[in-house]
Structures are given as C-alpha cells and as structure tokens.
Amino acid sequence: MKTIKLLIIGKSNVGKSSLINHLLKNHSALVSNKLHATRIASTYRFNYKNFNIEIIDTPGASVTNNNLLSQAMKSNSMKYITSANIIILLTQPQSKYDYEMKIIDQIRESGKSFIIVVNKIDLDLNKRFEKELLSSLSIKQAIYISVTESINFASFYMLLDKHIDTVTASYQSSDKDLSYSRSNIQELIREAIVNRTNEELPYESAVLINDYKEQNNSIVIKADIIVSKENHKKIIIGKKGSMIKNIGIKARKVLEDSLVKKVHLSLFVVVKSNWKNNPNILKDLGYID
C-alpha cells in the first residue's frame, strides 16, 4: 500500500489535534483549549481508499522563542514542510491573518502546494471574516469546516482526493505502527494534566515514560511527571493525592480507548529545575533530536 504524508500546520488553538481525531475517528491527539498545548510533531496512520495516510500533527509555530523548548517546538513544525506530500494550513475566523501569511511564504519557498482549511465556521455563520481571509492570503478559495459540528466534511474530502491524485506516493517499507508511539502516549497523559490544572502549571510540566510493557491483554506504563518547582509538585499530587489520582484516571481512560487494551498506569512526580532549557531532558522527552 502506498503512503502519503499529510502535514497539518497552523497556529495554536485552531483545532489541529481535533481535526486529526475526527479523521482517525478516535481520540489519539492531545486536545486542549489552552494555547501551545501540543509540543511535539506526532504521526498517526489511517487507511483512506487505496492509500496509507500518515498525518503529522505539529505544535503551534506561533510560540515565542523564550527558551530551548519553545525553539524546539517552532523548528519542529517547520522541518516537516519539505517532506510532506500534502500540506493543510488550518486557520479560523479572525480579524488578521499575518501569521498564516508567513507560513504560506515558507511553504511557497519549498515549492509545495497547500490547502487552506478554515475551522470553526459555526462561529462565523455570517461570513464576516471570509473576505478578509481571501484578501489577506491572496487566495481564491478555501474550505470551510467545523470539526465540533462536523460541518462540510464532504467538501473537505473532495479536495483531499483532488490533491491525492497529484501526489507521487511512496511505498511503505515498514510495518511499524506509528499511531501510538511513546511520544504520542506521553502527550495523551499530559493532556490530562493540561486540562486538569490551571495558570502556568500546564506549561511547566512534561511527561516521560520510564517503562512500557505489553502483556497479553494489557499494557503496563510507568511515567514521570516532570515539573519545575516543589510547589508545582504539591499541586500535581493534590490534597491526600487527590489530583494525581484524578489525572491518572483520566489519562488511563484515554489510553485504553486509544490502545484498545487495559492499561495499568503508574505516575510519579519529579522536580527538575529549568528543565525547559536542559537539552538532555528535552532529548529524553523527544522534543529535540
């Protein structure tokens, strides 16, 4: 079966991970309404007609370069442009499209074609921002969808088919299942932290898998939750361990739904000061090569 690499790029919080989960018809990618929730490009695979589609979910490249982690997030998005067969630039109704224009310039420099997809059109039923979009990006058309309301996906798939017909796909040489790599699992565990905590804590924490064992009908996972400060550790643990228990329950449910196996999950909280600027830790987490 031939493989096509589909890159989804766009700034934070436009719905990249939600779109991927919709295409996969399950919950595999981290979803949050907090900015810069996704940190690392993750790859997911599904069969579409006679093709194996590898979807690449990228971090929001609009992040500010204020530490080594943020620099890695930004470069992580950009390096996949040249290797992708099809590029979807995902955006949303908004007053300005300066960021999207910068991404388009980079895509055009690489000689790649792209699809503009506008998510959340249920928030712009009067098409208030459509004219601004077409004018700002110097394009003639875009596909308008709503992931949450499942609006206009027939048109989305028609355009995807059109682009697939122009692609020279490669033969897949490996049977390795890319859908649930270690980095994907780390991000799904982190989703429970991101969506259960507030303030700066979602941005000051990370998840590192220390042990992963597949058994006949279950998977055993041991993971560290890395935080920057002792008071962050106390928040993650919670009163009498209530918070970390809740995080574990939420994460285990998502993992079991995605992996279709019973999951035994053990979480430990460790403090590593200034971990976002530590190249060794970032390498262990898979954020840098």
# chains A, B, ... in the order shown; residues from 1 in each chain; ligands from 1

$ select_by_dssp --residues "region 12-254 of chain A" --states "strand (DSSP E)" --output "ChimeraX atom specification"
/A:42-48,51-57,86-91,115-118,143-144,170-171,206-214,218-227

$ atom_distance --atom1 "CA of Ile8 (chain A)" --atom2 "CA of Ile281 (chain A)"
26.7 Å

$ atom_distance --atom1 "CA of Gly238 (chain A)" --atom2 "CA of Ser70 (chain A)"
27.9 Å

$ atom_distance --atom1 "CA of Leu90 (chain A)" --atom2 "CA of Gly10 (chain A)"
5.1 Å

$ residues_around --residues "Val147 (chain A)" --least-positions-apart "6" --cutoff "8 Å" --atoms "only C-alpha atoms" --output "compact mmCIF listing (two decimals) with C-alpha atoms, in the first residue's frame"
# COMPACT_ATOMS: atom_id res chain seq x y z
CA GLY A 15 -8.14 22.82 16.09
CA SER A 18 -9.30 17.95 16.95
CA LEU A 19 -9.25 17.63 13.15
CA HIS A 22 -12.03 13.49 13.62
CA ASN A 119 -12.15 25.60 11.07
CA LYS A 120 -14.86 26.87 13.46

$ closest_residue --among "A:Thr82, A:Phe268, A:Ala192, A:Asn21" --to "Asn246 (chain A)" --atoms "only C-alpha atoms"
A:Ala192

$ closest_residue --among "A:His264, A:Ser183, A:Ile209, A:Val269" --to "Ile225 (chain A)" --atoms "only C-alpha atoms"
A:Val269

$ closest_residue --among "A:Leu6, A:Ile121, A:Leu267, A:Ile235" --to "Ser150 (chain A)" --atoms "only C-alpha atoms"
A:Ile121

$ residues_around --residues "Glu130 (chain A)" --least-positions-apart "2" --cutoff "10 Å" --atoms "only C-alpha atoms" --output "ChimeraX atom specification"
/A:92-95,118,121,124,126-128,132-136,141-142,144

$ write_last_selection --atoms "C-alpha atoms" --output "mmCIF file, in the first residue's frame"
data_model
loop_
_atom_site.group_PDB
_atom_site.id
_atom_site.type_symbol
_atom_site.label_atom_id
_atom_site.label_comp_id
_atom_site.auth_asym_id
_atom_site.auth_seq_id
_atom_site.Cartn_x
_atom_site.Cartn_y
_atom_site.Cartn_z
ATOM 1 C CA GLN A 92 -10.077 30.031 11.862
ATOM 2 C CA PRO A 93 -12.272 33.143 11.526
ATOM 3 C CA GLN A 94 -10.209 36.069 12.824
ATOM 4 C CA SER A 95 -9.557 39.716 12.080
ATOM 5 C CA VAL A 118 -10.873 27.265 7.907
ATOM 6 C CA ILE A 121 -17.130 28.294 10.755
ATOM 7 C CA ASP A 124 -18.829 32.859 11.651
ATOM 8 C CA ASN A 126 -22.471 35.428 8.504
ATOM 9 C CA LYS A 127 -19.086 35.031 6.737
ATOM 10 C CA ARG A 128 -17.821 38.181 8.382
ATOM 11 C CA GLU A 132 -10.521 39.304 4.897
ATOM 12 C CA LEU A 133 -9.144 35.771 4.658
ATOM 13 C CA LEU A 134 -9.131 35.636 0.853
ATOM 14 C CA SER A 135 -7.702 39.136 0.524
ATOM 15 C CA SER A 136 -5.007 38.794 3.187
ATOM 16 C CA GLN A 141 -10.816 29.790 -2.307
ATOM 17 C CA ALA A 142 -10.649 27.864 0.943
ATOM 18 C CA TYR A 144 -14.726 26.000 5.457
#

$ closest_residue --among "A:Thr58, A:Asn217, A:Asn231, A:Thr148" --to "Ser42 (chain A)" --atoms "only C-alpha atoms"
A:Thr58

$ closest_residue --among "A:Ile145, A:Leu259, A:Ile81, A:Ile116" --to "Glu214 (chain A)" --atoms "only C-alpha atoms"
A:Leu259
